file final_14.txt (compact mmCIF, C-alpha atoms)
# COMPACT_ATOMS: atom_id res chain seq x y z
CA MET J 1 27.51 -9.11 9.98
CA LYS J 2 25.17 -11.31 7.91
CA GLU J 3 21.98 -9.35 8.51
CA VAL J 4 21.10 -5.92 9.86
CA ARG J 5 19.14 -5.72 13.12
CA PHE J 6 16.60 -2.89 12.88
CA GLY J 7 14.80 -0.86 15.51
CA ILE J 8 11.95 1.58 14.83
CA VAL J 9 11.38 4.74 16.88
CA GLY J 10 7.80 5.97 16.55
CA LEU J 11 4.79 3.70 16.02
CA GLY J 12 2.35 6.05 14.34
CA ASN J 13 1.03 5.38 10.85
CA GLN J 14 4.41 5.20 9.10
CA GLY J 15 6.36 3.36 11.79
CA SER J 16 3.60 0.76 12.09
CA ALA J 17 3.49 0.36 8.31
CA TYR J 18 7.20 -0.44 8.27
CA ALA J 19 6.96 -2.84 11.19
CA PHE J 20 3.85 -4.76 10.15
CA GLY J 21 3.59 -4.04 6.44
CA LEU J 22 7.23 -4.45 5.37
CA PHE J 23 9.31 -6.29 7.97
CA ALA J 24 6.57 -8.65 9.15
CA LYS J 25 5.70 -9.57 5.56
CA GLY J 26 9.29 -10.33 4.58
CA ARG J 27 9.69 -7.44 2.15
CA ILE J 28 12.96 -6.29 3.72
CA LYS J 29 15.94 -8.46 2.84
CA ASN J 30 19.26 -8.88 4.66
CA ALA J 31 17.57 -7.61 7.82
CA ARG J 32 15.23 -8.37 10.69
CA LEU J 33 13.21 -6.27 13.10
CA VAL J 34 14.45 -6.56 16.70
CA ALA J 35 13.04 -3.54 18.58
CA LEU J 36 10.09 -1.13 18.60
CA CYS J 37 9.89 2.12 20.55
CA ASP J 38 7.24 4.73 21.31
CA ASN J 39 6.69 7.00 24.31
CA ASP J 40 2.93 6.61 23.90
CA CYS J 41 1.97 3.60 26.04
CA GLU J 42 -1.23 3.02 24.06
CA LYS J 43 0.65 2.76 20.75
CA LEU J 44 3.24 0.50 22.35
CA ASP J 45 0.56 -1.82 23.75
CA LYS J 46 -1.14 -2.03 20.35
CA ALA J 47 2.17 -2.93 18.75
CA ARG J 48 2.76 -5.67 21.34
CA LEU J 49 -0.60 -7.22 20.53
CA LYS J 50 0.01 -7.04 16.79
CA CYS J 51 3.59 -8.27 16.81
CA GLU J 52 3.84 -12.01 16.11
CA ASP J 53 7.61 -12.20 16.68
CA GLU J 54 8.27 -12.93 20.34
CA THR J 55 11.92 -11.95 20.01
CA VAL J 56 11.11 -8.27 19.31
CA ALA J 57 11.88 -6.00 22.28
CA PHE J 58 9.74 -2.99 23.24
CA PHE J 59 10.92 0.35 24.63
CA SER J 60 9.25 3.56 25.77
CA ASP J 61 12.58 5.48 25.75
CA TYR J 62 14.57 5.60 22.51
CA THR J 63 17.89 6.17 24.30
CA LYS J 64 17.41 2.91 26.19
CA MET J 65 16.73 1.16 22.91
CA LEU J 66 19.89 2.63 21.39
CA ASP J 67 21.97 1.65 24.42
CA SER J 68 20.55 -1.87 24.57
CA GLY J 69 23.00 -3.16 21.99
CA LEU J 70 20.16 -4.80 20.08
CA CYS J 71 20.09 -2.48 17.08
CA ASP J 72 22.55 -2.09 14.23
CA ALA J 73 20.22 0.36 12.49
CA VAL J 74 17.22 2.54 13.30
CA LEU J 75 14.26 3.99 11.42
CA ILE J 76 13.11 7.37 12.80
CA GLU J 77 9.31 7.82 12.54
CA VAL J 78 8.51 10.63 14.99
CA PRO J 79 7.31 14.27 14.69
CA HIS J 80 9.49 16.46 12.45
CA TYR J 81 11.12 18.53 15.18
CA LEU J 82 12.62 15.36 16.72
CA HIS J 83 14.22 13.93 13.57
CA PRO J 84 17.66 15.55 14.01
CA GLU J 85 17.78 14.92 17.78
CA ILE J 86 17.25 11.17 17.42
CA ALA J 87 19.43 10.90 14.31
CA ILE J 88 22.30 12.60 16.13
CA ALA J 89 21.86 10.21 19.07
CA CYS J 90 22.17 7.28 16.65
CA LEU J 91 25.12 8.72 14.76
CA LYS J 92 27.08 9.46 17.93
CA ARG J 93 26.69 5.78 18.84
CA ASN J 94 27.68 4.75 15.30
CA ILE J 95 24.24 3.20 14.82
CA HIS J 96 23.15 3.29 11.18
CA VAL J 97 20.05 5.42 10.67
CA ILE J 98 17.33 6.28 8.17
CA CYS J 99 15.63 9.58 8.96
CA GLU J 100 12.04 9.99 7.81
CA LYS J 101 11.35 13.04 5.64
CA PRO J 102 11.69 15.94 6.19
CA ALA J 103 15.22 15.97 7.60
CA GLY J 104 14.05 18.58 10.11
CA VAL J 105 11.99 21.71 10.51
CA TYR J 106 14.76 24.28 10.01
CA THR J 107 18.20 24.16 8.42
CA GLU J 108 20.19 24.99 11.56
CA GLN J 109 19.14 21.74 13.25
CA VAL J 110 19.69 19.79 10.03
CA ARG J 111 23.23 21.17 9.73
CA ARG J 112 23.97 19.86 13.22
CA MET J 113 22.67 16.46 12.18
CA ASN J 114 24.82 16.49 9.04
CA ALA J 115 27.86 17.46 11.10
CA ALA J 116 27.25 14.43 13.33
CA ALA J 117 27.05 12.27 10.21
CA GLU J 118 30.43 13.56 9.04
CA GLU J 119 32.01 12.46 12.33
CA SER J 120 30.26 9.08 12.48
CA SER J 121 31.16 5.76 10.86
CA ALA J 122 27.46 4.92 10.54
CA VAL J 123 25.54 4.81 7.27
CA PHE J 124 23.07 7.72 7.15
CA ALA J 125 20.09 7.82 4.77
CA ILE J 126 16.82 9.69 4.44
CA MET J 127 13.47 8.31 3.33
CA PHE J 128 13.21 9.99 -0.06
CA ASN J 129 11.31 7.05 -1.50
CA GLN J 130 10.01 9.09 -4.44
CA ARG J 131 13.54 9.10 -5.85
CA THR J 132 13.02 5.38 -6.56
CA ASN J 133 10.17 6.19 -8.98
CA CYS J 134 11.28 5.24 -12.49
CA VAL J 135 9.79 8.35 -14.12
CA TYR J 136 11.72 10.73 -11.86
CA ARG J 137 14.92 8.71 -12.20
CA LYS J 138 14.62 8.77 -15.98
CA MET J 139 13.76 12.47 -15.97
CA ARG J 140 16.93 13.20 -13.99
CA GLU J 141 18.99 11.03 -16.33
CA LEU J 142 17.70 12.81 -19.44
CA ILE J 143 18.27 16.30 -18.01
CA SER J 144 21.81 15.47 -16.89
CA SER J 145 22.56 14.08 -20.37
CA GLY J 146 21.60 17.43 -21.95
CA ALA J 147 18.35 16.23 -23.54
CA ILE J 148 16.50 19.50 -22.87
CA GLY J 149 19.43 21.81 -23.59
CA LYS J 150 19.78 24.93 -21.46
CA LEU J 151 17.29 25.02 -18.58
CA GLN J 152 14.55 27.64 -19.03
CA ARG J 153 11.63 26.80 -16.76
CA VAL J 154 10.58 24.42 -13.98
CA THR J 155 6.86 24.08 -13.23
CA TRP J 156 5.26 21.76 -10.71
CA ILE J 157 1.56 21.93 -9.91
CA ILE J 158 0.97 19.48 -7.08
CA THR J 159 -2.51 20.11 -5.72
CA ASP J 160 -3.82 16.57 -5.25
CA TRP J 161 -3.23 16.67 -1.47
CA PHE J 162 -6.87 17.36 -0.57
CA ARG J 163 -7.44 17.01 3.18
CA PRO J 164 -10.83 17.44 4.93
CA ASP J 165 -11.21 19.26 8.24
CA CYS J 166 -11.32 15.98 10.17
CA TYR J 167 -7.76 15.23 9.03
CA TYR J 168 -6.45 18.31 10.82
CA ALA J 169 -8.70 17.66 13.83
CA SER J 170 -7.21 14.16 14.20
CA GLY J 171 -4.01 15.52 15.77
CA ASP J 172 -3.45 18.69 17.78
CA TRP J 173 0.02 19.03 16.24
CA ARG J 174 -1.16 19.11 12.62
CA ALA J 175 -0.47 22.34 10.69
CA THR J 176 0.73 24.15 13.81
CA TRP J 177 4.01 26.03 14.16
CA ALA J 178 4.97 24.44 17.47
CA GLY J 179 3.71 20.94 16.77
CA GLU J 180 4.64 20.41 13.13
CA GLY J 181 6.64 23.45 12.09
CA GLY J 182 4.39 24.34 9.17
CA GLY J 183 1.63 23.05 6.95
CA VAL J 184 1.50 21.71 3.40
CA LEU J 185 5.16 22.50 2.70
CA ILE J 186 6.56 20.48 5.59
CA ASN J 187 3.98 17.71 5.71
CA GLN J 188 2.82 16.89 2.20
CA CYS J 189 5.57 18.35 -0.02
CA PRO J 190 9.03 17.31 1.26
CA HIS J 191 9.35 14.75 -1.55
CA GLN J 192 8.50 17.29 -4.25
CA LEU J 193 10.80 19.94 -2.78
CA ASP J 194 13.59 17.35 -2.81
CA LEU J 195 12.82 16.22 -6.35
CA LEU J 196 12.77 19.82 -7.61
CA GLN J 197 16.51 20.05 -7.07
CA TRP J 198 17.42 16.36 -7.52
CA VAL J 199 15.72 15.91 -10.89
CA VAL J 200 16.78 19.29 -12.29
CA GLY J 201 20.31 19.00 -10.91
CA GLU J 202 20.52 22.42 -9.27
CA MET J 203 19.00 24.45 -6.47
CA PRO J 204 17.21 27.75 -7.02
CA THR J 205 19.23 30.77 -5.93
CA ALA J 206 16.22 32.79 -4.76
CA VAL J 207 12.48 32.39 -4.17
CA ARG J 208 9.35 34.39 -3.61
CA GLY J 209 6.72 32.57 -1.58
CA PHE J 210 3.06 33.56 -1.60
CA CYS J 211 1.55 31.58 1.26
CA HIS J 212 -2.02 31.54 2.54
CA TYR J 213 -2.44 30.52 6.17
CA GLY J 214 -5.65 28.69 7.03
CA ARG J 215 -7.24 29.64 3.73
CA TRP J 216 -9.24 26.41 3.32
CA HIS J 217 -9.09 24.94 6.83
CA ASP J 218 -9.15 26.13 10.42
CA VAL J 219 -5.35 25.85 10.79
CA GLU J 220 -2.61 28.34 11.66
CA ALA J 221 -0.02 27.22 9.06
CA GLU J 222 -0.05 27.39 5.27
CA ASP J 223 -2.53 25.27 3.34
CA GLU J 224 -1.99 26.97 -0.04
CA VAL J 225 1.31 28.09 -1.60
CA THR J 226 2.52 29.52 -4.88
CA ALA J 227 6.30 29.95 -5.08
CA TYR J 228 8.37 31.67 -7.76
CA LEU J 229 11.87 30.25 -8.24
CA GLU J 230 15.00 31.82 -9.72
CA TYR J 231 18.06 29.88 -10.91
CA ALA J 232 21.66 31.01 -11.41
CA SER J 233 21.40 30.27 -15.15
CA GLY J 234 18.51 32.71 -15.53
CA ALA J 235 15.89 29.97 -15.58
CA THR J 236 12.75 30.45 -13.53
CA GLY J 237 10.16 28.19 -11.98
CA VAL J 238 6.78 27.98 -10.28
CA PHE J 239 5.71 25.57 -7.54
CA VAL J 240 2.01 25.42 -6.65
CA THR J 241 0.51 23.33 -3.88
CA THR J 242 -2.50 23.15 -1.55
CA THR J 243 -4.52 20.77 0.61
CA GLY J 244 -7.77 22.55 -0.22
CA GLU J 245 -8.37 21.76 -3.87
CA ALA J 246 -10.36 18.88 -5.38
CA PRO J 247 -9.93 17.46 -7.89
CA GLY J 248 -6.23 18.19 -7.76
CA THR J 249 -3.40 18.04 -10.27
CA ASN J 250 0.09 16.55 -10.25
CA ARG J 251 1.97 17.89 -13.28
CA PHE J 252 5.77 18.31 -13.32
CA GLU J 253 7.31 19.99 -16.35
CA VAL J 254 10.93 20.98 -17.01
CA SER J 255 11.64 23.01 -20.15
CA GLY J 256 14.83 23.96 -21.94
CA THR J 257 16.10 25.08 -25.31
CA GLY J 258 16.27 21.45 -26.44
CA GLY J 259 12.69 20.60 -25.51
CA LYS J 260 10.75 19.69 -22.41
CA LEU J 261 10.00 16.76 -20.14
CA LEU J 262 6.53 16.27 -18.70
CA VAL J 263 5.43 13.87 -15.98
CA GLU J 264 1.72 13.53 -15.38
CA GLY J 265 0.42 10.37 -13.77
CA ASP J 266 2.83 7.52 -14.44
CA THR J 267 3.79 8.74 -17.92
CA LEU J 268 6.93 10.62 -18.92
CA LYS J 269 6.83 12.46 -22.25
CA TYR J 270 9.78 14.06 -24.01
CA TYR J 271 8.96 16.92 -26.38
CA ARG J 272 12.21 17.03 -28.36
CA ASN J 273 13.01 20.10 -30.44
CA LYS J 274 14.57 19.00 -33.72
CA THR J 275 16.60 22.21 -33.54
CA ASP J 276 17.68 23.87 -30.31
CA SER J 277 15.28 26.81 -29.83
CA ALA J 278 18.07 29.33 -29.14
CA ARG J 279 19.86 28.33 -32.33
CA PHE J 280 16.58 28.28 -34.29
CA SER J 281 15.76 31.79 -33.03
CA ARG J 282 19.09 33.13 -34.24
CA GLU J 283 18.97 31.49 -37.66
CA THR J 284 15.33 31.55 -38.82
CA LYS J 285 14.06 34.24 -41.20
CA GLU J 286 10.39 33.42 -40.63
CA SER J 287 8.78 35.67 -38.01
CA PHE J 288 6.16 33.24 -36.72
CA SER J 289 8.05 29.99 -37.07
CA ALA J 290 9.11 27.60 -34.30
CA PRO J 291 11.26 24.48 -34.14
CA GLU J 292 9.70 21.20 -35.21
CA VAL J 293 8.89 19.00 -32.23
CA GLU J 294 8.90 15.24 -31.86
CA VAL J 295 6.76 13.89 -29.00
CA ILE J 296 8.19 10.74 -27.42
CA THR J 297 6.62 8.63 -24.68
CA VAL J 298 9.76 7.70 -22.75
CA GLU J 299 10.36 4.09 -21.81
CA THR J 300 11.58 3.47 -18.25
CA ASP J 301 12.66 0.35 -16.37
CA GLY J 302 9.21 0.31 -14.73
CA GLU J 303 10.69 -0.05 -11.25
CA ASN J 304 9.21 1.93 -8.35
CA PRO J 305 10.09 0.12 -5.08
CA GLN J 306 9.37 3.12 -2.84
CA HIS J 307 9.91 2.64 0.96
CA ALA J 308 10.94 -0.99 0.68
CA GLY J 309 13.47 -0.02 -1.98
CA ILE J 310 15.09 2.60 0.25
CA ILE J 311 15.29 0.25 3.26
CA ASN J 312 16.58 -2.68 1.20
CA ASN J 313 19.26 -0.52 -0.39
CA PHE J 314 20.20 0.87 3.04
CA ALA J 315 20.62 -2.63 4.51
CA ALA J 316 22.64 -3.75 1.48
CA ALA J 317 24.85 -0.64 1.77
CA ILE J 318 25.56 -1.43 5.44
CA LEU J 319 26.60 -4.96 4.40
CA GLY J 320 28.77 -3.60 1.59
CA LYS J 321 26.61 -5.13 -1.15
CA GLU J 322 25.37 -1.91 -2.79
CA LYS J 323 26.15 1.78 -2.97
CA LEU J 324 23.86 3.94 -0.82
CA PHE J 325 21.15 5.46 -3.01
CA VAL J 326 20.12 8.45 -0.86
CA ASP J 327 22.74 10.08 1.38
CA GLY J 328 20.96 11.49 4.45
CA ARG J 329 22.95 14.72 4.24
CA GLU J 330 21.03 15.61 1.08
CA GLY J 331 17.91 16.12 3.19
CA ILE J 332 18.98 19.69 3.89
CA PHE J 333 18.22 20.83 0.34
CA GLY J 334 14.47 20.35 0.65
CA VAL J 335 14.43 21.96 4.10
CA GLU J 336 16.36 24.91 2.64
CA LEU J 337 13.71 25.38 -0.03
CA MET J 338 10.86 24.98 2.43
CA ASN J 339 12.38 27.52 4.83
CA ALA J 340 13.03 30.04 2.06
CA ILE J 341 9.46 29.81 0.70
CA GLU J 342 8.00 30.04 4.20
CA LEU J 343 10.19 33.00 5.16
CA SER J 344 9.21 34.84 1.99
CA GLY J 345 5.56 34.14 2.77
CA TRP J 346 5.97 35.64 6.23
CA LYS J 347 7.50 38.69 4.52
CA GLN J 348 4.55 39.12 2.13
CA GLY J 349 6.31 37.55 -0.85
CA ALA J 350 9.63 39.37 -0.54
CA ARG J 351 12.56 37.89 -2.47
CA VAL J 352 14.61 35.53 -0.29
CA GLU J 353 18.03 34.36 -1.43
CA LEU J 354 19.42 30.90 -0.79
CA PRO J 355 21.07 29.76 1.38
CA VAL J 356 18.37 31.10 3.69
CA ASP J 357 19.25 33.34 6.65
CA GLU J 358 19.01 30.67 9.35
CA GLY J 359 18.92 33.14 12.23
CA GLU J 360 16.07 35.17 10.73
CA TYR J 361 14.06 32.07 9.88
CA LEU J 362 14.44 30.52 13.31
CA ALA J 363 13.61 33.78 15.11
CA GLN J 364 10.39 34.17 13.11
CA LEU J 365 9.47 30.50 13.62
CA GLU J 366 10.06 30.67 17.37
CA ALA J 367 7.91 33.81 17.63
CA ARG J 368 5.04 31.93 15.98
CA CYS J 369 5.61 28.90 18.16
CA LYS J 370 5.08 30.97 21.31
CA THR J 371 1.48 31.70 20.37
CA SER J 372 0.84 28.40 18.58
CA ARG J 373 -2.50 26.63 19.06
CA TYR J 374 -0.52 23.49 19.83
CA HIS J 375 0.49 24.88 23.23
CA VAL J 376 -3.05 26.06 23.95
CA ARG J 377 -4.56 22.68 23.10
CA ARG J 378 -1.94 20.83 25.14
CA ALA J 379 -2.69 23.03 28.13
CA GLN J 380 -6.36 22.18 27.67
CA GLY J 381 -5.60 18.45 27.49
CA GLY J 382 -6.02 18.16 23.73
CA ARG J 383 -5.40 14.88 21.93
CA SER J 384 -2.42 14.05 19.73
call {"tool": "encode", "arguments": {"input": "final_14.txt", "output": "structure tokens"}}
result
Amino acid sequence: MKEVRFGIVGLGNQGSAYAFGLFAKGRIKNARLVALCDNDCEKLDKARLKCEDETVAFFSDYTKMLDSGLCDAVLIEVPHYLHPEIAIACLKRNIHVICEKPAGVYTEQVRRMNAAAEESSAVFAIMFNQRTNCVYRKMRELISSGAIGKLQRVTWIITDWFRPDCYYASGDWRATWAGEGGGVLINQCPHQLDLLQWVVGEMPTAVRGFCHYGRWHDVEAEDEVTAYLEYASGATGVFVTTTGEAPGTNRFEVSGTGGKLLVEGDTLKYYRNKTDSARFSRETKESFSAPEVEVITVETDGENPQHAGIINNFAAAILGKEKLFVDGREGIFGVELMNAIELSGWKQGARVELPVDEGEYLAQLEARCKTSRYHVRRAQGGRS
């Protein structure tokens, strides 16, 4: 194989951006786009008109696209609930696949997807494009090297997701239990929930989630969340997010006995303790003293290839030219965190241990889905 033949399932905003913003503009190497699929005839017709490559095939049924023999690899760009179903269909056919984030809505379906990946010879990735950001890569590197000493606290305030009411009105599935599976956690925050564990190098062992449902918008799912995190080492953390705050903040801070790392904007700063704080505490005789601190603006490689970087690496991995950067099976970690925070929120902030009780989570989700506005709007002929 000299190049990878790609198909895209789902021609909404993201699928169309890949097709006409990346592939059509030559930003994806070692690959070409050969097929587009959507079960919405209007979206498919728009794609036909926009597509300048006459060799691209169009499908309204993804299984027919998979069975056509045209595709070596597939990008999945459909509603969250369908991610595992389509990924499993690809993996069973040994078709390489990139799943859009999140990996799924609940861990039980993601585990089935991961099991299919174990049995398949296909390359399986997930679109965690924020892992390509140089500041997060460098942050992970410094933490794993011991730069901040023993982990003490993880704090991420990510509130710059402001969405007006018309955003939610633009799709009857948005922020509904049956249509989307949740609100700000599942839609806006999958990257941050992934990076929480990837950058730090460990998952929390328990969470308390304080979720507000429809606090700032007329929606049924959460649009404001504050989560408290506990780690096996004794470290703690706080994760704060909302779609109702403007101006918002994006500040990620990881602290330890050796200092702290702070990302705000595109800048990574390292506050390095000249003496480990635990050692300083034991040895100092001055009651109000603290370790001296050196503040360093950390240099990075400046690279942040985002979606194109993930797809290019994926194609190169299929061809044996590079090691895969993001294994698709790692998508379960963010879903685990999301489910645990959501379940705690449903239980008025009760402590929820990880791994989450999959049966309890799914039962509570399904109960909410039965009365979801999504079903009501669909019955009334609402738009999607």
call {"tool": "closest_residue", "arguments": {"input": "final_14.txt", "among": "J:Gly334, J:Pro291, J:Gly209, J:Pro355", "to": "Leu229 in chain J", "atoms": "only C-alpha atoms"}}
result
J:Gly209
call {"tool": "residues_around", "arguments": {"input": "final_14.txt", "residues": "range 65-72 of chain J", "least_positions_apart": "3", "cutoff": "10 Å", "atoms": "all atoms listed in the file", "output": "VMD selection string"}}
result
chain J and resid 1 3 to 9 31 to 37 56 to 62 86 89 to 90 93 to 97 122 315 318
call {"tool": "closest_residue", "arguments": {"input": "final_14.txt", "among": "J:Ile310, J:Ile76, J:Ile148, J:Ala47", "to": "Arg131 in chain J", "atoms": "all atoms listed in the file"}}
result
J:Ile310
call {"tool": "closest_residue", "arguments": {"input": "final_14.txt", "among": "J:Lys43, J:Arg163, J:Lys274, J:Arg368", "to": "Trp346 in chain J", "atoms": "all atoms listed in the file"}}
result
J:Arg368
call {"tool": "closest_residue", "arguments": {"input": "final_14.txt", "among": "J:Leu324, J:Ile88, J:Glu118, J:Ser16", "to": "Ile311 in chain J", "atoms": "only C-alpha atoms"}}
result
J:Leu324
call {"tool": "closest_residue", "arguments": {"input": "final_14.txt", "among": "J:Thr275, J:Arg137, J:Ile126, J:Lys2", "to": "Lys29 in chain J", "atoms": "only C-alpha atoms"}}
result
J:Lys2
call {"tool": "residues_near_point", "arguments": {"input": "final_14.txt", "point": "(6.2, 16.8, 9.8)", "cutoff": "6 Å", "atoms": "all atoms listed in the file", "output": "JSON, numbers by chain"}}
result
{"J": [79, 80, 180, 186, 187]}
call {"tool": "write_last_selection", "arguments": {"input": "final_14.txt", "atoms": "C-alpha atoms", "output": "tab-separated table (two decimals), in the coordinates of the input"}}
result
chain	number	residue	atom	x	y	z
J	79	PRO	CA	7.31	14.27	14.69
J	80	HIS	CA	9.49	16.46	12.45
J	180	GLU	CA	4.64	20.41	13.13
J	186	ILE	CA	6.56	20.48	5.59
J	187	ASN	CA	3.98	17.71	5.71
call {"tool": "residues_around", "arguments": {"input": "final_14.txt", "residues": "range 242-257 of chain J", "least_positions_apart": "2", "cutoff": "6 Å", "atoms": "only C-alpha atoms", "output": "number ranges by chain"}}
result
J: 148-163, 216, 223-224, 259-264, 276-277
call {"tool": "closest_atom_pairs", "arguments": {"input": "final_14.txt", "of": "range 119-182 of chain J", "to": "range 192-207 of chain J", "cutoff": "7 Å", "atoms": "only C-alpha atoms", "output": "CSV"}}
result
residue,atom,partner,partner_atom,distance
J:Tyr136,CA,J:Val199,CA,6.6
J:Met139,CA,J:Val199,CA,6.4
J:Arg140,CA,J:Val199,CA,4.3
J:Ile143,CA,J:Val200,CA,6.6
call {"tool": "closest_residue", "arguments": {"input": "final_14.txt", "among": "J:Tyr81, J:Phe128, J:Phe239, J:Tyr228", "to": "Gly182 in chain J", "atoms": "only C-alpha atoms"}}
result
J:Tyr81
call {"tool": "atom_distance", "arguments": {"input": "final_14.txt", "atom1": "CA of Cys189 in chain J", "atom2": "CA of Phe20 in chain J"}}
result
25.3 Å
call {"tool": "axis_aligned_box", "arguments": {"input": "final_14.txt", "around": "range 98-106 of chain J", "padding_each_side": "5 Å", "output": "AutoDock Vina command-line options"}}
result
--center_x 14.3 --center_y 15.3 --center_z 8.1 --size_x 16.0 --size_y 28.0 --size_z 14.9
call {"tool": "atom_distance", "arguments": {"input": "final_14.txt", "atom1": "CA of Ala115 in chain J", "atom2": "CA of Pro190 in chain J"}}
result
21.2 Å
call {"tool": "atom_distance", "arguments": {"input": "final_14.txt", "atom1": "CA of Val110 in chain J", "atom2": "CA of Gly183 in chain J"}}
result
18.6 Å
